[in-house]
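**Q** First the structure, then my questions, so here it is.
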Amino acid sequence: MKRKAPEEAVRGLAKRQATDSSIEKRFGPDILSKDTLDRYAKDYAASTPYKHAVVRSLVDDRLLRSVRKEIINNIHFTPKETDIYKIHQSGDLANLSGLPETALKKLPSLLKLRDALYSPDFREWIATVSGSGPLSGKKTDMAVNVYVPGCHLLCHDDVIGSRRPSWGGALRLYPTDGQHDKEGKEYKVPRPEFDKVIPPQWNQLSFFAVQPGESFHDVEEVYHRTSAESTEDGGRVRMAISGWFHIPQEGEDGFEPGLEAKLAEMSSLQQLQGQAEQFDEPQLEWQDAKGSEIAKKAGDDEDVELTEDDLQFLLNYMTPMYLTPDTVEELNELFEEESTLQLANFLSKRIAPRLMQQIDSNAVDRDFKTSLPPYKHRYKYLSSSSTQRPPPVASKDDPYGDILLNFLPSLAFQKWLSLATGLTLKRSAIIARRFRKSLDYQLAQGYSGDEPQLEYTLCITPCTGWGGDETENAELDPEHSKSDGHGNGSNDKQSSDDEDNVGGYELYMAGDDDDDASDAGSDHGVTIPSGTGAGNRRSSKKADPAVYQAAQDDEDDGILFSNPASWNTLSIALRDKGVLKFVKYVSKKAQGDRWDFTGCVEVLDDGENEGAASEDVEEEDFNGFAD
């Protein structure tokens with residue numbers, strides 16, 4: 001190799017120094033100095049609940065204001081909503097260099113910022129502070145997210161593939177507790193409440209090393225302005241550039257063959273599968289006695305019937321119309337056709353007004369627990385287990401406990417469910433839930449059972465404003481309130497520009513197709529947006545939960561059944577393997593909390609009995625059709 005002449009080497013060194021100096025000027029004063037580096041490294045090492053850093057005045061102020069202006073004037077944002085987030089998002093900004101020259105001319109400051117953040121000097125700075133090891137300058141990953149009132153990003157740990165440090169704006173960090181399984185293996189389970197808040201601030205960078213099962217965080221909802229608050233708040237719009245640094249790619253210093261595949265095995269999804277849900281709360285508490293009686297009758301080829309005592313018991317709770325033979329038969333036909341039912345004014349006037357008064361007056365005096373882990377769900381709950389002391393039947397003092405502990409677990413109610421759906425039912429599990437506004441949600445989870453499962457939700461949310469107000473609290477004749485999915489709830493797509501949606505709705509969506517191995521890691525034509533900070537919680541999906549908000553009118557959004565929060569509505573659905581279900585985060589703008597009772601019931605495969613019955617039928621000779 002020909003050696004450079006001394007004067008050529010000097011010119012090359014001068015050029016590199018000029019480049020370094022140019023990059024340094026894009027940052028705030030002394031950010032890249034050794035003293036600043038040492039100070040942030042010390043703060044990072046001592047931080048809790050897991051190691052992180054908050055860097056203020058990171059970028060030259062004039063450059064950053066110019067970047068903001070370019071973003072506002074030239075970048076298009078797409079509103080997107082899933083089970084885990086609601087945001088307005090730009091496209092991927094990592095490939096700015098690939099834009100046409102006409103587009104690049106409109107974004108010179110943004111290009112300077114991107115190059116500064118992924119420059120060798122700043123990557124080395126981040127790696128030194130975080131102890132992450134070498135970082136890629138080739139694989140960049142950044143986007144702009146805009147949070148208007150109602151927007152949010154729920155709990156996740158950022159673990160996907162080759163990510164190392166994650167960086168962005170305002171965050172809330174969750175501590176973890178060590179839990180041991182039966183074999184003594186330790187898992188880290190995040191607590192349901194965060195304990196560190198990093199508020200949004202101009203020109204502030206927050207970052208942390210991505211750690212499987214530990215780096216749990218969320219982005220707090222941007223709250224709507226109340227009538228008493230000043231309008232001089234900038235419109236309450238939070239804009240943040242966020243992204244990740246990645247491990248070195250092939251051809252870069254520090255590249256390790258096979259490391260990316262190894263990191264993928266350590267992802268959130270792999271860890272969640274390893275936990276076998278043993279640390280989830282609540283755990284289903286199955287009750288066998290009632291379902292086994294119905295199954296026994298089916299096995300004996302006996303019809304399930306409501307006795308006079310059953311009817312008298314159910315009249316304490318249910319609107320009488322739903323107990324008439326004609327109505328039950330009609331429900332059966334509707335369910336056989338649609339596999340769903342929605343029944344308004346389900347609870348009778350004997351109990352519904354007292355229940356509403358009990359909830360409205362905050363008189364539900366029960367020891368609620370908080371579900372966990374928060375990367376799956378967070379809500380208050382009670383189970384219908386026998387360890388709780390039930391109130392007297394038709395209790396005037398505690399209708400809430402009466403419904404949870406007496407009515408829903410009863411044999412009479414399970415008989416009615418069996419008649420209304422035409423299904424033979426086995427054991428069941430029931431919980432009561434309260435989704436508190438500005439706090440609670442249930443992220444999308446699939447059903448993995450081999451046989452379909454009957455699920456029902458009795459929604460008892462006393463306030464309005466949930467998106468189903470056209471029928472909420474209406475005094476409908478129950479005969480006309482039976483629904484095949486077009487009543488209080490809807491199979492219709494929710495409006496993509498509905499900024500006033502306060503969440504709280506329960507949604508069933510088409511999910512995994514385990515038979516299609518080639519689909520692994522895909523999103524059924526709906527790309528999960530990068531740059532949101534959301535970890536991939538599924539290995540294979542037919543639809544990304546709730547990207548219905550971004551779907552076009554001619555696209556299949558995957559929604560099977562939608563159920564807004566409402567008062568006194570019973571929803572019933574037969575859930576097949578792989579179907580996803582979630583309850584959307586309840587915005588602070590909601591007029592109150594979402595209250596419901598929800599149950600799941602195992603279904604006996606009718607084929608289990610058909611074979612036994614056919615053995616008793618003697619084969620007869622065929623003598624031709626009758627005249």
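Here, A, B, ... name the chains of the structure tokens in the order displayed, residue numbers run from 1 inside each chain, and ligands are numbered from 1 in the same displayed order.
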Can you pull out the residues contacting Val148 (chain A)? Cut-off 8 Å, using only C-alpha atoms, and skip same-chain residues under 2 positions away; I want them as a ChimeraX atom specification.

**A** /A:87-88,146,150-151,222,236-238

**Q** Keeping only N, CA, C and O atoms, write the selected residues as an mmCIF file, in the first residue's frame.

**A**
```cif
data_model
loop_
_atom_site.group_PDB
_atom_site.id
_atom_site.type_symbol
_atom_site.label_atom_id
_atom_site.label_comp_id
_atom_site.auth_asym_id
_atom_site.auth_seq_id
_atom_site.Cartn_x
_atom_site.Cartn_y
_atom_site.Cartn_z
ATOM 1 N N ILE A 87 -50.873 7.775 18.912
ATOM 2 C CA ILE A 87 -49.889 8.804 18.582
ATOM 3 C C ILE A 87 -50.139 9.334 17.171
ATOM 4 O O ILE A 87 -50.921 8.772 16.406
ATOM 5 N N HIS A 88 -49.417 10.411 16.838
ATOM 6 C CA HIS A 88 -49.277 10.873 15.461
ATOM 7 C C HIS A 88 -47.807 10.702 15.126
ATOM 8 O O HIS A 88 -46.934 11.228 15.834
ATOM 9 N N VAL A 146 -45.723 12.794 17.716
ATOM 10 C CA VAL A 146 -46.450 13.938 18.238
ATOM 11 C C VAL A 146 -47.588 13.419 19.100
ATOM 12 O O VAL A 146 -48.405 12.605 18.660
ATOM 13 N N GLY A 150 -54.861 13.189 24.734
ATOM 14 C CA GLY A 150 -55.397 11.839 24.585
ATOM 15 C C GLY A 150 -54.371 10.818 24.135
ATOM 16 O O GLY A 150 -54.573 9.613 24.277
ATOM 17 N N CYS A 151 -53.232 11.278 23.579
ATOM 18 C CA CYS A 151 -52.202 10.347 23.101
ATOM 19 C C CYS A 151 -51.392 9.792 24.273
ATOM 20 O O CYS A 151 -51.211 10.456 25.292
ATOM 21 N N VAL A 222 -51.058 12.724 27.333
ATOM 22 C CA VAL A 222 -51.185 14.181 27.329
ATOM 23 C C VAL A 222 -52.644 14.490 27.656
ATOM 24 O O VAL A 222 -53.548 14.132 26.907
ATOM 25 N N ARG A 236 -50.942 22.190 24.220
ATOM 26 C CA ARG A 236 -50.728 20.866 24.830
ATOM 27 C C ARG A 236 -50.327 19.823 23.790
ATOM 28 O O ARG A 236 -50.934 18.756 23.695
ATOM 29 N N VAL A 237 -49.354 20.142 23.003
ATOM 30 C CA VAL A 237 -48.817 19.206 22.015
ATOM 31 C C VAL A 237 -47.380 18.875 22.406
ATOM 32 O O VAL A 237 -46.565 19.769 22.613
ATOM 33 N N ARG A 238 -47.102 17.587 22.543
ATOM 34 C CA ARG A 238 -45.759 17.154 22.905
ATOM 35 C C ARG A 238 -45.105 16.523 21.676
ATOM 36 O O ARG A 238 -45.613 15.520 21.143
#
```

**Q** I want to know what sits within 12 Å of Leu417 (chain A), based on only C-alpha atoms, with residues of the same chain fewer than 2 positions away left out; could you give that as an NGL selection string?

**A** :A and (290-291 or 294 or 304-306 or 314 or 322-323 or 328-329 or 331-332 or 335 or 341 or 408-415 or 419-426 or 428 or 454-456 or 570-574 or 599-603)

**Q** I want to know what sits within 8 Å of region 356-359 of chain A, based on only C-alpha atoms, with residues of the same chain fewer than 4 positions away left out; could you give that as a list in words?

**A**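 Near region 356-359 of chain A, the qualifying residues are Ala352, Ala363, Val364, Asp398, Pro399, Tyr400, Ile460 and Pro462 of chain A.
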
**Q** Excluding Leu173 (chain A) and its own-chain neighbours fewer than 2 positions away, which residues fall within 6 Å of it when counting only C-alpha atoms? Please give them as a PyMOL selection string.

**A** chain A and resi 194+196+217

**Q** List the neighbours of region 439-443 of chain A out to 7 Å using only C-alpha atoms; skip same-chain residues closer than 5 positions along the sequence, and give me the result as a PyMOL selection string.

**A** chain A and resi 83-84+376-379+582-586

**Q** Would you save the residues of that selection, restricted to all heavy atoms, as a tab-separated table (two decimals), in the first residue's frame?

**A**
```
chain	number	residue	atom	x	y	z
A	83	ASP	N	-53.55	-1.18	20.61
A	83	ASP	CA	-53.87	-1.47	22.00
A	83	ASP	C	-52.89	-0.80	22.95
A	83	ASP	O	-53.25	-0.45	24.08
A	83	ASP	CB	-53.88	-2.98	22.25
A	83	ASP	CG	-52.54	-3.64	21.96
A	83	ASP	OD1	-51.83	-3.18	21.05
A	83	ASP	OD2	-52.20	-4.64	22.63
A	84	ILE	N	-51.65	-0.55	22.51
A	84	ILE	CA	-50.62	-0.04	23.42
A	84	ILE	C	-50.34	1.45	23.25
A	84	ILE	O	-49.80	2.07	24.15
A	84	ILE	CB	-49.31	-0.85	23.25
A	84	ILE	CG1	-48.33	-0.57	24.39
A	84	ILE	CG2	-48.65	-0.55	21.91
A	84	ILE	CD1	-47.12	-1.48	24.39
A	376	LYS	N	-48.94	-6.32	30.35
A	376	LYS	CA	-50.11	-7.04	29.85
A	376	LYS	C	-51.41	-6.32	30.20
A	376	LYS	O	-52.31	-6.20	29.37
A	376	LYS	CB	-50.15	-8.46	30.41
A	376	LYS	CG	-49.11	-9.39	29.86
A	376	LYS	CD	-49.34	-10.81	30.36
A	376	LYS	CE	-48.33	-11.77	29.76
A	376	LYS	NZ	-48.57	-13.17	30.22
A	377	HIS	N	-51.50	-5.86	31.44
A	377	HIS	CA	-52.74	-5.24	31.88
A	377	HIS	C	-52.53	-4.51	33.20
A	377	HIS	O	-51.62	-4.80	33.95
A	377	HIS	CB	-53.87	-6.27	32.04
A	377	HIS	CG	-53.47	-7.51	32.80
A	377	HIS	ND1	-53.98	-8.75	32.55
A	377	HIS	CD2	-52.58	-7.71	33.82
A	377	HIS	CE1	-53.46	-9.64	33.36
A	377	HIS	NE2	-52.60	-9.03	34.14
A	378	ARG	N	-53.44	-3.58	33.45
A	378	ARG	CA	-53.51	-2.94	34.76
A	378	ARG	C	-54.96	-2.52	34.99
A	378	ARG	O	-55.52	-1.74	34.23
A	378	ARG	CB	-52.59	-1.72	34.85
A	378	ARG	CG	-52.64	-1.06	36.25
A	378	ARG	CD	-51.59	0.01	36.42
A	378	ARG	NE	-51.76	1.10	35.48
A	378	ARG	CZ	-50.75	1.83	35.02
A	378	ARG	NH1	-49.50	1.57	35.40
A	378	ARG	NH2	-50.96	2.81	34.17
A	379	TYR	N	-55.56	-3.07	36.04
A	379	TYR	CA	-56.91	-2.69	36.45
A	379	TYR	C	-57.13	-3.23	37.85
A	379	TYR	O	-56.38	-4.07	38.35
A	379	TYR	CB	-57.98	-3.23	35.49
A	379	TYR	CG	-57.91	-4.73	35.22
A	379	TYR	CD1	-58.45	-5.67	36.09
A	379	TYR	CD2	-57.29	-5.21	34.06
A	379	TYR	CE1	-58.38	-7.03	35.85
A	379	TYR	CE2	-57.21	-6.57	33.79
A	379	TYR	CZ	-57.76	-7.47	34.68
A	379	TYR	OH	-57.68	-8.82	34.42
A	582	PHE	N	-58.72	-7.09	23.82
A	582	PHE	CA	-58.13	-6.10	24.71
A	582	PHE	C	-59.19	-5.09	25.13
A	582	PHE	O	-60.25	-4.97	24.52
A	582	PHE	CB	-56.94	-5.39	24.07
A	582	PHE	CG	-57.26	-4.52	22.88
A	582	PHE	CD1	-57.58	-3.18	23.05
A	582	PHE	CD2	-57.21	-5.03	21.59
A	582	PHE	CE1	-57.86	-2.36	21.97
A	582	PHE	CE2	-57.49	-4.22	20.50
A	582	PHE	CZ	-57.82	-2.89	20.69
A	583	VAL	N	-58.89	-4.37	26.21
A	583	VAL	CA	-59.69	-3.23	26.65
A	583	VAL	C	-58.79	-2.01	26.54
A	583	VAL	O	-57.73	-1.94	27.16
A	583	VAL	CB	-60.20	-3.39	28.10
A	583	VAL	CG1	-60.94	-2.13	28.53
A	583	VAL	CG2	-61.11	-4.61	28.21
A	584	LYS	N	-59.22	-1.06	25.74
A	584	LYS	CA	-58.40	0.12	25.46
A	584	LYS	C	-58.23	0.98	26.70
A	584	LYS	O	-59.14	1.14	27.51
A	584	LYS	CB	-59.04	0.94	24.33
A	584	LYS	CG	-58.27	2.18	23.91
A	584	LYS	CD	-56.88	1.84	23.37
A	584	LYS	CE	-56.10	3.11	23.02
A	584	LYS	NZ	-54.74	2.81	22.59
A	585	TYR	N	-57.03	1.54	26.84
A	585	TYR	CA	-56.69	2.47	27.92
A	585	TYR	C	-57.78	3.52	28.08
A	585	TYR	O	-58.27	4.09	27.11
A	585	TYR	CB	-55.36	3.12	27.59
A	585	TYR	CG	-55.02	4.35	28.42
A	585	TYR	CD1	-54.45	4.23	29.68
A	585	TYR	CD2	-55.25	5.63	27.92
A	585	TYR	CE1	-54.12	5.35	30.43
A	585	TYR	CE2	-54.93	6.76	28.66
A	585	TYR	CZ	-54.37	6.62	29.91
A	585	TYR	OH	-54.05	7.73	30.64
A	586	VAL	N	-58.16	3.77	29.34
A	586	VAL	CA	-59.21	4.75	29.64
A	586	VAL	C	-58.58	6.12	29.84
A	586	VAL	O	-57.80	6.33	30.77
A	586	VAL	CB	-60.02	4.34	30.89
A	586	VAL	CG1	-61.10	5.37	31.18
A	586	VAL	CG2	-60.64	2.95	30.69
```

**Q** Pick out the closest residue to Val189 (chain A) from this set: A:Glu260, A:Asp450, A:Asp365, A:Asp280. Count only C-alpha atoms.

**A**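 The answer is A:Asp280, which sits nearest to Val189 (chain A).
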
**Q** Fewer than 4 positions away in the same chain doesn't count, so skip those; otherwise give me all residues within 8 Å of Leu32 (chain A), counting only C-alpha atoms, as a PyMOL selection string.

**A** chain A and resi 24+27+36-37+121-122+125

**Q** Restricting it to C-alpha atoms, dump the selection as a compact mmCIF listing (two decimals), in the first residue's frame.

**A**
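Listed below is the output, part36.txt:
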```txt
# COMPACT_ATOMS: atom_id res chain seq x y z
CA GLU A 24 -19.35 19.30 18.24
CA PHE A 27 -24.44 20.00 20.54
CA THR A 36 -19.50 16.24 31.23
CA LEU A 37 -19.00 12.65 30.11
CA ASP A 121 -18.19 11.02 18.72
CA PHE A 122 -21.71 10.90 20.13
CA TRP A 125 -20.26 9.18 24.32
```

**Q** What is the CA of Lys25 (chain A)-CA of Val67 (chain A) distance in Å, reported with one decimal?

**A**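 Atom-to-atom, CA of Lys25 (chain A) to CA of Val67 (chain A), that is 15.0 Å.
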
**Q** Between A:Gly504, A:Thr598, A:Arg389, A:Met321, which residue has the minimum interatomic distance to Leu458 (chain A), considering only C-alpha atoms?

**A**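 With only C-alpha atoms as the atom set, the closest residue is A:Thr598.
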
**Q** Would you work out the distance separating CA of Ser66 (chain A) from CA of Ser109 (chain A), expressed in Å to one decimal?

**A** 6.2 Å

**Q** A:Gly91, A:Pro79, A:Pro29, A:Gly254: which is nearest Asp60 (chain A), counting only C-alpha atoms?

**A**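 Smallest distance to Asp60 (chain A) is found for A:Pro29.
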
**Q** Excluding same-chain residues fewer than 4 positions from Lys380 (chain A), what lies within 7 Å of it counting only C-alpha atoms, as a PDB file with all heavy atoms, in the first residue's frame?

**A**
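Saved file out_28.pdb follows:
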```pdb
ATOM      1  N   PHE A 368     -60.309  -4.656  46.557  1.00  0.00           N
ATOM      2  CA  PHE A 368     -59.821  -4.821  45.197  1.00  0.00           C
ATOM      3  C   PHE A 368     -58.302  -4.980  45.184  1.00  0.00           C
ATOM      4  O   PHE A 368     -57.586  -4.354  45.955  1.00  0.00           O
ATOM      5  CB  PHE A 368     -60.194  -3.608  44.345  1.00  0.00           C
ATOM      6  CG  PHE A 368     -61.633  -3.580  43.913  1.00  0.00           C
ATOM      7  CD1 PHE A 368     -62.610  -3.035  44.735  1.00  0.00           C
ATOM      8  CD2 PHE A 368     -62.013  -4.082  42.678  1.00  0.00           C
ATOM      9  CE1 PHE A 368     -63.931  -2.996  44.341  1.00  0.00           C
ATOM     10  CE2 PHE A 368     -63.327  -4.043  42.272  1.00  0.00           C
ATOM     11  CZ  PHE A 368     -64.298  -3.507  43.110  1.00  0.00           C
ATOM     12  N   LYS A 369     -57.820  -5.802  44.263  1.00  0.00           N
ATOM     13  CA  LYS A 369     -56.395  -5.946  44.012  1.00  0.00           C
ATOM     14  C   LYS A 369     -56.063  -5.329  42.660  1.00  0.00           C
ATOM     15  O   LYS A 369     -56.959  -5.074  41.847  1.00  0.00           O
ATOM     16  CB  LYS A 369     -55.993  -7.424  44.036  1.00  0.00           C
ATOM     17  CG  LYS A 369     -56.237  -8.111  45.369  1.00  0.00           C
ATOM     18  CD  LYS A 369     -55.831  -9.581  45.294  1.00  0.00           C
ATOM     19  CE  LYS A 369     -56.076 -10.303  46.618  1.00  0.00           C
ATOM     20  NZ  LYS A 369     -55.705 -11.745  46.539  1.00  0.00           N
ATOM     21  N   THR A 370     -54.768  -5.108  42.393  1.00  0.00           N
ATOM     22  CA  THR A 370     -54.333  -4.551  41.120  1.00  0.00           C
ATOM     23  C   THR A 370     -53.703  -5.649  40.274  1.00  0.00           C
ATOM     24  O   THR A 370     -52.818  -6.369  40.739  1.00  0.00           O
ATOM     25  CB  THR A 370     -53.307  -3.419  41.329  1.00  0.00           C
ATOM     26  OG1 THR A 370     -53.880  -2.425  42.179  1.00  0.00           O
ATOM     27  CG2 THR A 370     -52.939  -2.781  39.996  1.00  0.00           C
ATOM     28  N   SER A 371     -54.155  -5.773  39.047  1.00  0.00           N
ATOM     29  CA  SER A 371     -53.616  -6.800  38.154  1.00  0.00           C
ATOM     30  C   SER A 371     -52.171  -6.475  37.785  1.00  0.00           C
ATOM     31  O   SER A 371     -51.732  -5.331  37.850  1.00  0.00           O
ATOM     32  CB  SER A 371     -54.467  -6.894  36.885  1.00  0.00           C
ATOM     33  OG  SER A 371     -54.334  -5.718  36.115  1.00  0.00           O
ATOM     34  N   ARG A 433     -64.115  -6.217  37.386  1.00  0.00           N
ATOM     35  CA  ARG A 433     -63.021  -5.327  37.035  1.00  0.00           C
ATOM     36  C   ARG A 433     -63.451  -3.862  37.131  1.00  0.00           C
ATOM     37  O   ARG A 433     -64.605  -3.518  36.871  1.00  0.00           O
ATOM     38  CB  ARG A 433     -62.531  -5.598  35.605  1.00  0.00           C
ATOM     39  CG  ARG A 433     -62.091  -7.017  35.351  1.00  0.00           C
ATOM     40  CD  ARG A 433     -61.592  -7.209  33.934  1.00  0.00           C
ATOM     41  NE  ARG A 433     -62.617  -6.935  32.931  1.00  0.00           N
ATOM     42  CZ  ARG A 433     -62.460  -7.113  31.622  1.00  0.00           C
ATOM     43  NH1 ARG A 433     -61.307  -7.568  31.157  1.00  0.00           N
ATOM     44  NH2 ARG A 433     -63.444  -6.857  30.781  1.00  0.00           N
ATOM     45  N   ARG A 434     -62.474  -3.032  37.454  1.00  0.00           N
ATOM     46  CA  ARG A 434     -62.664  -1.590  37.417  1.00  0.00           C
ATOM     47  C   ARG A 434     -61.460  -0.972  36.717  1.00  0.00           C
ATOM     48  O   ARG A 434     -60.327  -1.076  37.197  1.00  0.00           O
ATOM     49  CB  ARG A 434     -62.801  -1.018  38.828  1.00  0.00           C
ATOM     50  CG  ARG A 434     -62.974   0.496  38.853  1.00  0.00           C
ATOM     51  CD  ARG A 434     -63.070   1.031  40.283  1.00  0.00           C
ATOM     52  NE  ARG A 434     -63.290   2.479  40.296  1.00  0.00           N
ATOM     53  CZ  ARG A 434     -63.429   3.205  41.412  1.00  0.00           C
ATOM     54  NH1 ARG A 434     -63.367   2.590  42.604  1.00  0.00           N
ATOM     55  NH2 ARG A 434     -63.626   4.499  41.346  1.00  0.00           N
ATOM     56  N   PHE A 435     -61.708  -0.348  35.566  1.00  0.00           N
ATOM     57  CA  PHE A 435     -60.657   0.315  34.812  1.00  0.00           C
ATOM     58  C   PHE A 435     -60.695   1.802  35.142  1.00  0.00           C
ATOM     59  O   PHE A 435     -61.611   2.522  34.725  1.00  0.00           O
ATOM     60  CB  PHE A 435     -60.851   0.096  33.310  1.00  0.00           C
ATOM     61  CG  PHE A 435     -60.636  -1.319  32.865  1.00  0.00           C
ATOM     62  CD1 PHE A 435     -61.670  -2.242  32.922  1.00  0.00           C
ATOM     63  CD2 PHE A 435     -59.401  -1.741  32.393  1.00  0.00           C
ATOM     64  CE1 PHE A 435     -61.483  -3.562  32.503  1.00  0.00           C
ATOM     65  CE2 PHE A 435     -59.199  -3.049  31.979  1.00  0.00           C
ATOM     66  CZ  PHE A 435     -60.244  -3.968  32.041  1.00  0.00           C
TER      67      PHE A 435
END
```
